[in-house]
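Participant: My structure is below; once you've seen it, I'll send some questions.
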Amino acid sequence: MASTVYDVTTFPASVSPQTDIGQVINEIVADIHAQQTGQTTRPGAVVYIPPGHYTLQTTAVIDVGFLTIKGSGHGFLSEAIRDDVDHSAWVETLPGSSHVQIANDGQVGFLVNRAGDPATNGRLNSVVFQDFCLDGVSSSKPYVGANGNGKTGIRFEYDNDAVRVEGMGFVYLEEALTVRNADAYFITNNFIGECGNGVRMIGGSIAGRITNNTIVTPWGGDSVFVENAENCVINGNSLLWGARIQCKNVHRAVVTGNKLVSNFSGMIVHETPCHEHLISGNHFRRIFGDGGPARNDDLYGMVHLDGDDNAVSANLFSFAVDGADIVPSGATPTVVLVKSGARNFLSGNQVAANLAVRHVVDASATDTKVLWSGASGQLEDLSSSTSFVPTP
Amino acid sequence: MASTVYDVTTFPASVSPQTDIGQVINEIVADIHAQQTGQTTRPGAVVYIPPGHYTLQTTAVIDVGFLTIKGSGHGFLSEAIRDDVDHSAWVETLPGSSHVQIANDGQVGFLVNRAGDPATNGRLNSVVFQDFCLDGVSSSKPYVGANGNGKTGIRFEYDNDAVRVEGMGFVYLEEALTVRNADAYFITNNFIGECGNGVRMIGGSIAGRITNNTIVTPWGGDSVFVENAENCVINGNSLLWGARIQCKNVHRAVVTGNKLVSNFSGMIVHETPCHEHLISGNHFRRIFGDGGPARNDDLYGMVHLDGDDNAVSANLFSFAVDGADIVPSGATPTVVLVKSGARNFLSGNQVAANLAVRHVVDASATDTKVLWSGASGQLEDLSSSTSFVPTP
Amino acid sequence: MASTVYDVTTFPASVSPQTDIGQVINEIVADIHAQQTGQTTRPGAVVYIPPGHYTLQTTAVIDVGFLTIKGSGHGFLSEAIRDDVDHSAWVETLPGSSHVQIANDGQVGFLVNRAGDPATNGRLNSVVFQDFCLDGVSSSKPYVGANGNGKTGIRFEYDNDAVRVEGMGFVYLEEALTVRNADAYFITNNFIGECGNGVRMIGGSIAGRITNNTIVTPWGGDSVFVENAENCVINGNSLLWGARIQCKNVHRAVVTGNKLVSNFSGMIVHETPCHEHLISGNHFRRIFGDGGPARNDDLYGMVHLDGDDNAVSANLFSFAVDGADIVPSGATPTVVLVKSGARNFLSGNQVAANLAVRHVVDASATDTKVLWSGASGQLEDLSSSTSFVPTP
């Protein structure tokens with residue numbers, strides 16, 4: 001094998017990977033530093049994690065570019081279901097495949113970071129995580145705050161380009177994946193289950209895609225959080241039970257073909273003004289009963305828009321909550337809330353509901369269009385400027 | 001290599017994998033059972049199938065979780081084209097890469113199943129099939145019924161969670177992939193060609209995705225069959241020549257960004273009432289000439305809806321069949337048939353056709369909306385309650 | 001290991017892969033020919049390229065089916081950014097992972113071709129490129145023409161079926177990927193950056209998908225070029241800075257869920273009549289300032305339609321160019337130009353712009369529909385037959 005191919009089970013580290021895979025990987029990274037010493041002789045490496053149970057006592061710090069860390073399977077098993085039932089006769093009671101257990105509360109499993117200034121020393125390029133399981137071992141809903149274990153699966157701290165996170169499993173983590181200052185990120189085909197927060201794109205990001213993932217989070221955190229970003233694509237994901245895409249100063253996002261199911265309001269949220277999002281071809285399903293307290297009441301909107309020229313088109317909104325569970329009591333739940341901003345555009349959306357619901361355009365919004373997106377009576381227009389064409 | 005990494009060509013089995021790869025894999029699974037004996041010491045394994053031609057005489061039975069079976073290429077070659085032409089001078093006449101030939105009629109290649117009760121003994125988690133070819137060896141259209149060989153590529157029988165079937169090839173099988181009682185399934189990037197049925201999600205399933213696949217089936221079976229399911233996502237697939245998504249008690253499915261081409265009517269079919277589907281951004285192409293008999297006549301609908309609150313929006317329907325081939329003779333073909341149910345919603349669909357076609361709303365349907373989805377004259381409303389806004 | 005598993009670093013070739021990986025792969029292919037000699041005994045092989053820097057002096061010619069060439073990471077690093085700044089203190093200054101540098105101007109890196117006639121000798125099936133980097137080493141914008149290095153990453157010349165190009169990196173190439181006469185192609189999850197042309201589907205193709213790719217090209221070439229094709233699916237891609245999908249005699253394409261950003265007009269272009277495209281749920285962003293000259297002026301259309309029954313629905317068009325930069329000076333920029341053809345259908349599109357823009361229907365177009373796709377005043381209808389329902 002080439003010297004750039006490592007296996008955590010055969011590398012001569014100071015500890016076994018079963019005892020501390022983080023330390024083993026740090027020693028592998030040190031070996032890469034020792035082997036690859038010139039600006040044009042640093043192709044990185046691949047580190048293979050065969051199926052097995054591994055404990056991570058020490059945070060693995062990735063400070064080299066072009067490193068691929070790869071297992072043979074995300075090995076997801078539902079730890080929440082396990083903990084909720086008599087599992088004494090279960091055949092397997094742990095996640096499996098290439099299964100890394102983060103040992104310590106408050107710990108980051110994999111930290112992608114290095115000393116230096118990206119402007120001077122360059123970014124970290126093409127770091128890849130594929131096909132293994134990051135497990136926080138124990139937690140309870142909503143996996144954040146008082147119940148959180150403070151564990152993060154992967155955190156990119158240093159400016160980065162062309163990262164890939166693919167086919168990974170994440171379970172029982174307060175934060176599954178956090179990426180700071182990313183350019184051209186690919187986050188696809190992952191299974192994030194029973195985590196407080198799913199994917200967090202923090203700092204600022206330039207362009208990238210969060211696609212084809214299943215993300216299961218309850219009420220405490222976000223399925224996807226993005227801030228200070230342009231050109232984010234969020235397509236074809238299944239966001240379950242507490243689906244929430246939270247945007248802060250995010251412009252021109254594309255959100256299409258997603259399945260969002262939540263026990264709570266706020267399934268797409270503009271926390272600050274966000275402009276020109278395209279939210280098209282998504283299925284929003286609102287149910288009730290699994291957990292809480294809710295972060296927002298039922299007037300907040302299944303979709304909560306704040307900004308200019310956002311388009312919400314060709315979606316299906318399905319609302320199924322008993323009247324007795326609506327908060328505030330007796331309120332008419334809001335489907336899309338246009339909180340503020342100009343020229344927001346709702347067109348061709350279907351609304352299915354078990355009780356009266358409506359869109360709301362707040363007083364400060366201007367020139368909103370609500371076109372075949374609700375029947376007569378399904379719009380409360382508090383502005384004086386909405387164009388409303390009710391679904392006939 | 002770690003003890004969890006197997007290669008079918010090097011494992012000391014009682015037979016060669018060329019003779020019976022099913023038996024080899026069963027002996028590998030037996031070895032996993034022998035090696036992994038505790039509830040918390042069962043990480044599973046990866047079984048590698050290098051490129052080569054292998055015969056499967058014995059069904060491989062997977063009764064361990066976290067098993068990844070992986071090849072190096074789906075190796076698809078069109079056996080139908082081979083059989084239809086003089087291939088005496090073809091360089092290769094079999095599929096290749098990691099190529100598994102199922103030997104016996106009526107046989108299942110890979111059966112994921114185990115003794116026990118999922119409620120007591122837990123589900124089978126994170127079983128993965130990647131990047132190899134499952135070949136039924138010989139068959140003829142439509143690959144089912146009298147012409148079928150009764151072979152199934154992969155069948156999940158036991159309750160399962162987080163299965164992945166990715167990058168696989170399937171050819172000349174009566175059923176390519178059948179999954180019973182699935183939760184959080186990922187079926188992506190596969191090539192299913194010349195099979196009677198493509199993907200069948202039977203029993204009941206909770207949430208999952210069938211995405212980015214090419215599925216080529218003729219007139220006998222279904223491209224995708226789903227029953228008793230919620231939260232199914234069917235996105236970005238190419239379903240060819242006999243495209244048919246058949247749904248039975250399926251609610252809140254998302255069907256977006258697919259390319260459907262068929263020689264027959266019935267490209268999305270609600271076999272029983274199905275509610276709140278979002279069918280958006282798909283391209284439906286109806287042609288004629290390759291095979292039959294058709295399961296349904298041309299009044300059945302390219303899309304056949306039965307249920308409440310389904311949305312069909314922003315699709316393109318393209319119909320190109322000579323008048324002489326329409327059944328019943330002289331009939332006006334149906335684009336979307338709303339057979340029954342309330343508040344079905346058609347909005348912003350383009351219809352292109354070589355002859356007169358129309359949508360039909362049957363008498364028992366109520367409160368249907370047909371909005372800019374056909375010109376004046378392209379709707380037959382047999383109910384008394386449809387809102388029709390013709391495309392101007 | 002099986003005899004079908006090759007590693008370029010361990011195969012006993014006449015040169016080292018660092019010196020000429022093309023020659024090494026050609027010798028591997030010769031070995032496959034020597035080992036696999038019968039029509040039914042040609043399963044192909046997998047060729048592994050471990051992380052490292054490799055030079056390709058000799059074009060690798062793939063004339064066997066079922067060959068998978070696979071690395072451990074696309075290893076993208078932005079060479080344009082490197083060349084534009086002081087990179088003296090960068091830690092890494094080359095792309096990495098499995099990094100193949102094409103040595104010679106005008107050269108093709110990988111040529112998939114063989115002697116013979118596909119009709120007599122069969123097609124090349126299931127050739128796969130995965131997870132490595134093809135680097136043209138040096139170039140400058142727009143990477144074509146006088147500034148182009150004439151290098152092509154991968155070229156499929158011979159008729160082919162079921163090709164896969166996945167997870168690859170391409171940088172500093174005049175053409176990244178060119179595929180002639182393809183059937184059932186899968187081009188997914190690739191990062192094409194700083195190339196003159198991205199994906200070119202030439203000759204004629206039958207059905208396939210270009211999905212989930214990031215393609216960064218400037219003003220000289222195309223992000224995606226397709227000719228003489230049916231059933232092309234272009235979904236969920238990020239096409240940046242000079243986004244352009246160029247179609248020539250392409251019918252019934254599906255273009256959904258894409259993010260297109262360009263400094264130029266012409267983001268989807270029908271070069272010749274193209275019929276029944278579905279362009280839905282895409283985000284088009286027009287900016288100005290990075291390079292030129294533009295191939296077309298601002299009257300050309302962000303989307304330039306020519307053909308019958310094309311549907312442009314549920315998209316968002318965002319236009320942000322200073323008036324001083326509009327060409328011709330003082331013109332009103334065109335959003336969608338319907339140059340010719342019958343029954344083109346615009347429905348439910350949002351237009352956001354910093355200055356006056358409009359759709360244009362040329363005189364030869366007939367029966368165009370422009371429905372809630374622009375305000376009153378945002379359509380110039382030079383035909384006498386357009387149905388216009390302005391966004392209210």
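Lettering and numbering for the structure tokens are positional, with chains as A, B, ... in the shown order, residues counted from 1 in each chain, and ligands counted from 1 in the shown order.
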Quick one: residues within 6 Å of range 268-276 of chain C, only C-alpha atoms, excluding same-chain residues fewer than 2 positions away - as a list in words?
Facilitator: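 Answer for this query is Arg244, Ile245, Gln246, Cys247, Lys248, Asn249, Val250, His251, Arg252, Gly266, Val303, His304, Leu305, Asp306, Gly307, Asp308, Asp309 and Asn310 of chain C.
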Participant: Could the residues of chain A within 7 Å of chain C, counting only C-alpha atoms, be given as a VMD selection string, please?
Facilitator: chain A and resid 2 4 to 5 39 to 40 42 to 46 66 68 120 to 122 125 to 126 162 235 254 256 278 280 309 311 313 to 314 345 347 387
Participant: Using DSSP on the backbone, list every residue of range 214-310 of chain A that comes out as strand (DSSP E), and give them as a PyMOL selection string.
Facilitator: chain A and resi 214-217+224-230+232-235+238-241+245-251+254-256+259-262+268-270+278-280+283-286+303-306
Participant: Would you kindly return, as a list in words, each protein, DNA or RNA residue with an atom no farther than 12 Å from any atom of Ser376 in chain B, considering only C-alpha atoms and excluding same-chain residues fewer than 4 positions away?
Facilitator: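 Everything that qualifies: Ala356, Val357, Arg358, His359, Val370, Leu371, Trp372, Glu380, Asp381, Phe388, Val389, Pro390, Thr391 and Pro392 of chain B.
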Participant: Counting only C-alpha atoms, which of A:Ala331, A:Ala60, A:Ala294, A:Ala363 gets nearest to Asn263 in chain A?
Facilitator: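 Of all the options, A:Ala294 lies closest to Asn263 in chain A.
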Participant: Rounded to one decimal, what separation in Å do you get between CA of Arg180 in chain A and CA of Gly116 in chain A?
Facilitator: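 Calculated distance between CA of Arg180 in chain A and CA of Gly116 in chain A is 15.5 Å.
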Participant: Need the shell around Ser16 in chain B: protein/DNA/RNA residues with any atom at most 12 Å away, counting only C-alpha atoms. Skip same-chain ones fewer than 3 positions apart. Format as a list in words?
Facilitator: Asp7, Val8, Thr9, Thr10, Phe11, Pro12, Ala13, Thr19, Asp20, Ile21, Gly22, Gln23, Val24, Ile25, Glu27, His53, Tyr54, Thr55, Leu56 and Gln57 of chain B
Participant: For Gly106 in chain A, which residue among A:Leu173, A:Ile234, A:Cys133, A:Met302 is the nearest when counting only C-alpha atoms?
Facilitator: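 Checking each candidate against Gly106 in chain A, we get A:Leu173 as the closest.
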Participant: Determine, counting only C-alpha atoms, which protein, DNA and RNA residues have an atom within 12 Å of an atom of Asp84 in chain A; residues of the same chain fewer than 4 positions away are not included. Present the result as a list in words.
Facilitator: Ser78, Glu79, Ala80, Ser88, Ser139, Ser140 and Lys141 of chain A
Participant: For the residues in that selection, give me N, CA, C and O atoms as a PDB file, in the first residue's frame.
Facilitator:
```
ATOM      1  N   SER A  78     -30.998   3.360  16.444  1.00  0.00           N
ATOM      2  CA  SER A  78     -31.712   4.381  17.201  1.00  0.00           C
ATOM      3  C   SER A  78     -31.490   4.198  18.698  1.00  0.00           C
ATOM      4  O   SER A  78     -32.066   3.305  19.322  1.00  0.00           O
ATOM      5  N   GLU A  79     -30.672   5.040  19.256  1.00  0.00           N
ATOM      6  CA  GLU A  79     -30.406   4.955  20.695  1.00  0.00           C
ATOM      7  C   GLU A  79     -31.608   5.444  21.505  1.00  0.00           C
ATOM      8  O   GLU A  79     -31.858   4.953  22.608  1.00  0.00           O
ATOM      9  N   ALA A  80     -32.365   6.373  20.961  1.00  0.00           N
ATOM     10  CA  ALA A  80     -33.545   6.857  21.682  1.00  0.00           C
ATOM     11  C   ALA A  80     -34.580   5.740  21.809  1.00  0.00           C
ATOM     12  O   ALA A  80     -35.168   5.538  22.881  1.00  0.00           O
ATOM     13  N   SER A  88     -33.557  -5.558  26.651  1.00  0.00           N
ATOM     14  CA  SER A  88     -32.724  -6.613  27.252  1.00  0.00           C
ATOM     15  C   SER A  88     -32.489  -7.774  26.284  1.00  0.00           C
ATOM     16  O   SER A  88     -31.467  -8.446  26.369  1.00  0.00           O
ATOM     17  N   SER A 139     -27.723  10.491  25.861  1.00  0.00           N
ATOM     18  CA  SER A 139     -28.331  11.808  25.849  1.00  0.00           C
ATOM     19  C   SER A 139     -29.823  11.628  26.047  1.00  0.00           C
ATOM     20  O   SER A 139     -30.323  10.511  26.149  1.00  0.00           O
ATOM     21  N   SER A 140     -30.504  12.745  26.197  1.00  0.00           N
ATOM     22  CA  SER A 140     -31.964  12.669  26.219  1.00  0.00           C
ATOM     23  C   SER A 140     -32.516  13.926  25.575  1.00  0.00           C
ATOM     24  O   SER A 140     -31.862  14.960  25.494  1.00  0.00           O
ATOM     25  N   LYS A 141     -33.734  13.806  25.094  1.00  0.00           N
ATOM     26  CA  LYS A 141     -34.345  14.900  24.352  1.00  0.00           C
ATOM     27  C   LYS A 141     -34.426  16.152  25.182  1.00  0.00           C
ATOM     28  O   LYS A 141     -34.696  16.065  26.368  1.00  0.00           O
TER      29      LYS A 141
END
```
